[in-house]
Amino acid sequence: MSVTVRVPAKVNVQLAVGGARPDGFHDLANVFLAVSLYDEVTVSPASSLTITCSGPDAGQVPLDRTNLAARAAELLAARHGLAPDVHIHIAKDIPVAGGMAGGSADGAAALLACDTLWGLRSTRAELLSICAELGSDVPFSLVGGAALGTGRGERLTELEVGGEFHWVFAVADGGLSTPAVYGEFDRLTEGLAVPAPAASPALLDALRTGDAPSLAGALANDLQPAALSLRPSLADTLQTGTSAGALAALVSGSGPTTAFLTKDEESAGSVAAALLASGTCREARVASSPTAGARVVGA
């Protein structure tokens with residue numbers, strides 16, 4: 001028997017970052033939208049815990065116990081006195097190290113898949129508790145849709161979305177380390193008064209009403225200056241997309257993927273074509289939001 005779970009990527013339509021805390025983390029107001037780019041994680045019984053991966057940039061995915069999918073299996077097994085003896089296969093389609101929570105998505109998917117395979121019937125609260133142990137973005141990968149993440153981003157309040165939003169994601173060559181981007185944020189803000197992070201009322205209202213132009217005016221990412229400092233070439237990608245007709249552009253999370261909000265699906269196709277033709281990115285992916293979180297698609 002095996003269990004397959006499909007799990008979406010995310011885009012941060014707002015990422016407000018507070019100053020570094022004593023534990024090294026930052027308080028966040030992180031507005032997540034799940035988008036229609038997916039990984040599929042399949043787990044099956046095995047003699048020991050092993051991981052394989054296929055798909056774009058699969059060679060960059062760790063196949064040891066540092067992979068969040070492996071850690072998810074171990075944490076769930078430990079809570080129930082089980083051995084985490086499963087083979088985990090990750091079919092990647094979410095950009096790797098691209099600021100779209102691909103690793104976090106795989107952790108959430110593996111958790112749900114193992115829970116299903118082992119017949120544990122864990123409650124949503126139990127699964128979310130393990131997700132929060134795994135990482136700040138993992139709980140949202142389980143929940144999907146739209147949500148405001150506070151604390152480190154792991155405390156979620158689900159949000160209402162009144163329509164469909166259309167996106168283009170420009171995939172850069174090479175990744176950006178999330179810790180490195182936060183470190184650069186700390187360097188750039190050293191000595192400055194960093195305000196406490198808070199969700200934008202205008203942005204939440206734009207989501208609720210499904211108003212793409214209003215959402216475009218409210219998109220914000222406090223990590224963008226740090227990502228651009230580490231990867232200046234991203235500025236050309238952002239400019240190319242907006243010149244091609246995107247309503248707005250921003251670095252997705254810690255980058256280096258850049259996100260372009262468009263007025264409709266047709267416009268998304270035009271922006272993607274312009275980005276590819278410009279040579280400022282390796283790949284341009286069209287997607288929509290919101291979409292469901294991790295869910296079992298085969299068992």
# chains A, B, ... in the order shown; residues from 1 in each chain; ligands from 1
$ select_by_dssp --residues "segment 34-217 of chain A" --states "strand (DSSP E)" --output "MDAnalysis selection string"
chainID A and resid 34:45 50:54 86:91 146:150 155:158 165:171
$ residues_around --residues "Glu265 of chain A" --least-positions-apart "4" --cutoff "12 Å" --atoms "only C-alpha atoms" --output "ChimeraX atom specification"
/A:164-168,246,260-261,269-272,285-289
$ atom_distance --atom1 "atom CA of Gly293 of chain A" --atom2 "atom CA of Arg6 of chain A"
8.1 Å
$ residues_around --residues "segment 208-219 of chain A" --least-positions-apart "3" --cutoff "9 Å" --atoms "only C-alpha atoms" --output "VMD selection string"
chain A and resid 12 to 15 159 to 166 200 202 to 205 247 to 250 261 to 264
$ closest_atom_pairs --of "segment 157-189 of chain A" --to "segment 44-60 of chain A" --cutoff "12 Å" --atoms "only C-alpha atoms" --output "tab-separated table"
residue	atom	partner	partner_atom	distance
A:Val171	CA	A:Pro56	CA	11.3
A:Ala172	CA	A:Asp57	CA	11.9
A:Asp173	CA	A:Asp57	CA	10.5
A:Gly174	CA	A:Gln60	CA	9.6
A:Gly175	CA	A:Gln60	CA	9.5
$ write_last_selection --atoms "C-alpha atoms" --output "PDB file, in the first residue's frame"
ATOM      1  CA  VAL A 171      12.292  31.113 -11.532  1.00  0.00           C
ATOM      2  CA  ALA A 172      15.869  32.340 -11.198  1.00  0.00           C
ATOM      3  CA  ASP A 173      19.062  30.364 -11.672  1.00  0.00           C
ATOM      4  CA  GLY A 174      20.257  29.089  -8.306  1.00  0.00           C
ATOM      5  CA  GLY A 175      18.596  29.478  -4.935  1.00  0.00           C
TER       6      GLY A 175
END
$ residues_around --residues "Val194 of chain A" --least-positions-apart "6" --cutoff "12 Å" --atoms "only C-alpha atoms" --output "list in words"
Ala16, Val17, Gly18, Gly19, Ala20, Arg21, His26, Asp27, Leu28, Phe185, Asp186, Leu188 and Asp222 of chain A
$ write_last_selection --atoms "N, CA, C and O atoms" --output "compact mmCIF listing (two decimals), in the first residue's frame"
# COMPACT_ATOMS: atom_id res chain seq x y z
N ALA A 16 5.60 41.09 6.45
CA ALA A 16 6.08 42.15 7.34
C ALA A 16 6.97 41.50 8.39
O ALA A 16 6.56 40.54 9.05
N VAL A 17 8.19 42.01 8.54
CA VAL A 17 9.21 41.38 9.37
C VAL A 17 9.62 42.32 10.49
O VAL A 17 10.00 43.47 10.25
N GLY A 18 9.54 41.84 11.73
CA GLY A 18 10.02 42.61 12.87
C GLY A 18 11.51 42.40 13.08
O GLY A 18 12.17 41.65 12.36
N GLY A 19 12.05 43.07 14.08
CA GLY A 19 13.46 42.92 14.40
C GLY A 19 13.76 41.53 14.96
O GLY A 19 12.87 40.79 15.36
N ALA A 20 15.04 41.17 14.95
CA ALA A 20 15.45 39.85 15.43
C ALA A 20 15.12 39.71 16.91
O ALA A 20 15.35 40.62 17.70
N ARG A 21 14.57 38.55 17.27
CA ARG A 21 14.26 38.23 18.66
C ARG A 21 15.50 37.62 19.32
O ARG A 21 16.46 37.24 18.64
N HIS A 26 12.37 36.05 13.90
CA HIS A 26 11.74 37.36 13.76
C HIS A 26 10.23 37.19 13.86
O HIS A 26 9.66 36.25 13.32
N ASP A 27 9.57 38.12 14.56
CA ASP A 27 8.12 38.14 14.52
C ASP A 27 7.68 38.57 13.12
O ASP A 27 8.29 39.45 12.50
N LEU A 28 6.60 37.94 12.65
CA LEU A 28 6.14 38.18 11.29
C LEU A 28 4.64 38.48 11.27
O LEU A 28 3.89 38.04 12.13
N PHE A 185 18.76 41.12 5.95
CA PHE A 185 17.74 42.02 6.50
C PHE A 185 18.23 42.64 7.81
O PHE A 185 18.10 43.85 8.03
N ASP A 186 18.80 41.80 8.68
CA ASP A 186 19.32 42.31 9.96
C ASP A 186 20.44 43.32 9.73
O ASP A 186 20.53 44.35 10.42
N LEU A 188 20.89 45.24 7.04
CA LEU A 188 20.35 46.46 6.44
C LEU A 188 19.55 47.29 7.43
O LEU A 188 19.44 48.52 7.27
N ASP A 222 8.97 42.80 3.18
CA ASP A 222 10.08 43.47 3.88
C ASP A 222 11.42 42.80 3.62
O ASP A 222 12.47 43.41 3.89
$ select_by_dssp --residues "segment 23-220 of chain A" --states "alpha helix (DSSP H)" --output "ChimeraX atom specification"
/A:68-79,102-117,124-134,138-143,178-189,201-209,212-218
$ residues_around --residues "Ala70 of chain A" --least-positions-apart "2" --cutoff "8 Å" --atoms "only C-alpha atoms" --output "PyMOL selection string"
chain A and resi 49-51+64-68+72-74+88+107+110
$ write_last_selection --atoms "all heavy atoms" --output "tab-separated table (two decimals), in the first residue's frame"
chain	number	residue	atom	x	y	z
A	49	LEU	N	13.80	4.23	6.80
A	49	LEU	CA	13.39	5.52	6.25
A	49	LEU	C	14.32	5.91	5.10
A	49	LEU	O	15.52	6.08	5.29
A	49	LEU	CB	13.42	6.59	7.33
A	49	LEU	CG	13.07	8.02	6.93
A	49	LEU	CD1	11.70	8.11	6.29
A	49	LEU	CD2	13.15	8.97	8.12
A	50	THR	N	13.75	6.02	3.89
A	50	THR	CA	14.52	6.44	2.73
A	50	THR	C	13.73	7.49	1.95
A	50	THR	O	12.50	7.54	2.02
A	50	THR	CB	14.82	5.25	1.79
A	50	THR	OG1	13.59	4.63	1.41
A	50	THR	CG2	15.71	4.22	2.47
A	51	ILE	N	14.47	8.31	1.18
A	51	ILE	CA	13.84	9.36	0.39
A	51	ILE	C	14.39	9.33	-1.01
A	51	ILE	O	15.62	9.17	-1.21
A	51	ILE	CB	14.11	10.77	0.98
A	51	ILE	CG1	13.70	10.85	2.44
A	51	ILE	CG2	13.38	11.85	0.19
A	51	ILE	CD1	14.04	12.19	3.07
A	64	ASP	N	18.50	13.11	2.84
A	64	ASP	CA	18.86	12.57	4.16
A	64	ASP	C	17.88	13.08	5.20
A	64	ASP	O	16.82	13.62	4.87
A	64	ASP	CB	20.31	12.96	4.52
A	64	ASP	CG	20.53	14.48	4.50
A	64	ASP	OD1	19.54	15.24	4.56
A	64	ASP	OD2	21.70	14.90	4.42
A	65	ARG	N	18.23	12.94	6.47
A	65	ARG	CA	17.30	13.28	7.55
A	65	ARG	C	17.12	14.79	7.72
A	65	ARG	O	16.32	15.20	8.56
A	65	ARG	CB	17.79	12.66	8.87
A	65	ARG	CG	17.91	11.12	8.84
A	65	ARG	CD	16.57	10.45	8.61
A	65	ARG	NE	16.69	8.99	8.47
A	65	ARG	CZ	16.55	8.13	9.47
A	65	ARG	NH1	16.31	8.56	10.68
A	65	ARG	NH2	16.65	6.83	9.25
A	66	THR	N	17.84	15.59	6.97
A	66	THR	CA	17.60	17.04	7.02
A	66	THR	C	16.38	17.44	6.20
A	66	THR	O	15.85	18.54	6.37
A	66	THR	CB	18.82	17.84	6.51
A	66	THR	OG1	19.02	17.56	5.12
A	66	THR	CG2	20.07	17.48	7.30
A	67	ASN	N	15.92	16.57	5.32
A	67	ASN	CA	14.74	16.85	4.52
A	67	ASN	C	13.52	16.91	5.45
A	67	ASN	O	13.32	16.02	6.28
A	67	ASN	CB	14.57	15.76	3.46
A	67	ASN	CG	13.49	16.11	2.45
A	67	ASN	OD1	12.32	16.27	2.80
A	67	ASN	ND2	13.88	16.19	1.19
A	68	LEU	N	12.69	17.95	5.30
A	68	LEU	CA	11.54	18.10	6.19
A	68	LEU	C	10.55	16.95	6.06
A	68	LEU	O	9.83	16.64	7.02
A	68	LEU	CB	10.84	19.43	5.92
A	68	LEU	CG	11.56	20.69	6.40
A	68	LEU	CD1	10.73	21.93	6.07
A	68	LEU	CD2	11.84	20.63	7.89
A	72	ALA	N	9.31	14.99	9.26
A	72	ALA	CA	7.88	14.85	9.55
A	72	ALA	C	7.54	13.41	9.91
A	72	ALA	O	6.82	13.14	10.88
A	72	ALA	CB	7.06	15.30	8.34
A	73	ALA	N	8.08	12.45	9.12
A	73	ALA	CA	7.83	11.04	9.41
A	73	ALA	C	8.38	10.66	10.77
A	73	ALA	O	7.73	9.93	11.55
A	73	ALA	CB	8.46	10.17	8.31
A	74	GLU	N	9.57	11.15	11.09
A	74	GLU	CA	10.19	10.82	12.38
A	74	GLU	C	9.40	11.39	13.55
A	74	GLU	O	9.18	10.70	14.56
A	74	GLU	CB	11.62	11.34	12.41
A	74	GLU	CG	12.58	10.58	11.50
A	74	GLU	CD	13.97	11.15	11.50
A	74	GLU	OE1	14.12	12.39	11.59
A	74	GLU	OE2	14.92	10.37	11.39
A	88	ILE	N	9.84	7.51	1.13
A	88	ILE	CA	9.18	8.76	0.75
A	88	ILE	C	9.69	9.16	-0.63
A	88	ILE	O	10.90	9.34	-0.82
A	88	ILE	CB	9.51	9.89	1.76
A	88	ILE	CG1	9.06	9.50	3.17
A	88	ILE	CG2	8.85	11.20	1.33
A	88	ILE	CD1	9.54	10.47	4.24
A	107	GLY	N	7.21	18.63	3.72
A	107	GLY	CA	7.07	18.21	5.11
A	107	GLY	C	5.61	18.00	5.48
A	107	GLY	O	5.25	16.99	6.10
A	110	ALA	N	4.27	14.87	3.62
A	110	ALA	CA	4.75	13.61	4.20
A	110	ALA	C	4.04	13.32	5.52
A	110	ALA	O	3.71	12.16	5.82
A	110	ALA	CB	6.25	13.66	4.40
$ residues_around --residues "segment 151-154 of chain A" --least-positions-apart "6" --cutoff "12 Å" --atoms "only C-alpha atoms" --output "JSON, numbers by chain"
{"A": [12, 14, 15, 16, 17, 18, 19, 20, 21, 23, 24, 25, 26, 27, 28, 29, 30, 31, 32, 104, 128, 129, 130, 131, 132, 133, 134, 135, 136, 137, 138, 139, 140, 141, 142, 143, 196, 197, 198, 199, 253]}
$ atom_distance --atom1 "atom CA of Lys92 of chain A" --atom2 "atom CA of Glu184 of chain A"
28.5 Å
$ closest_residue --among "A:Met1, A:Cys114, A:Ile94, A:Ala108" --to "Leu37 of chain A" --atoms "only C-alpha atoms"
A:Ile94
$ residues_around --residues "Val251 of chain A" --least-positions-apart "2" --cutoff "12 Å" --atoms "only C-alpha atoms" --output "count of residues only"
47
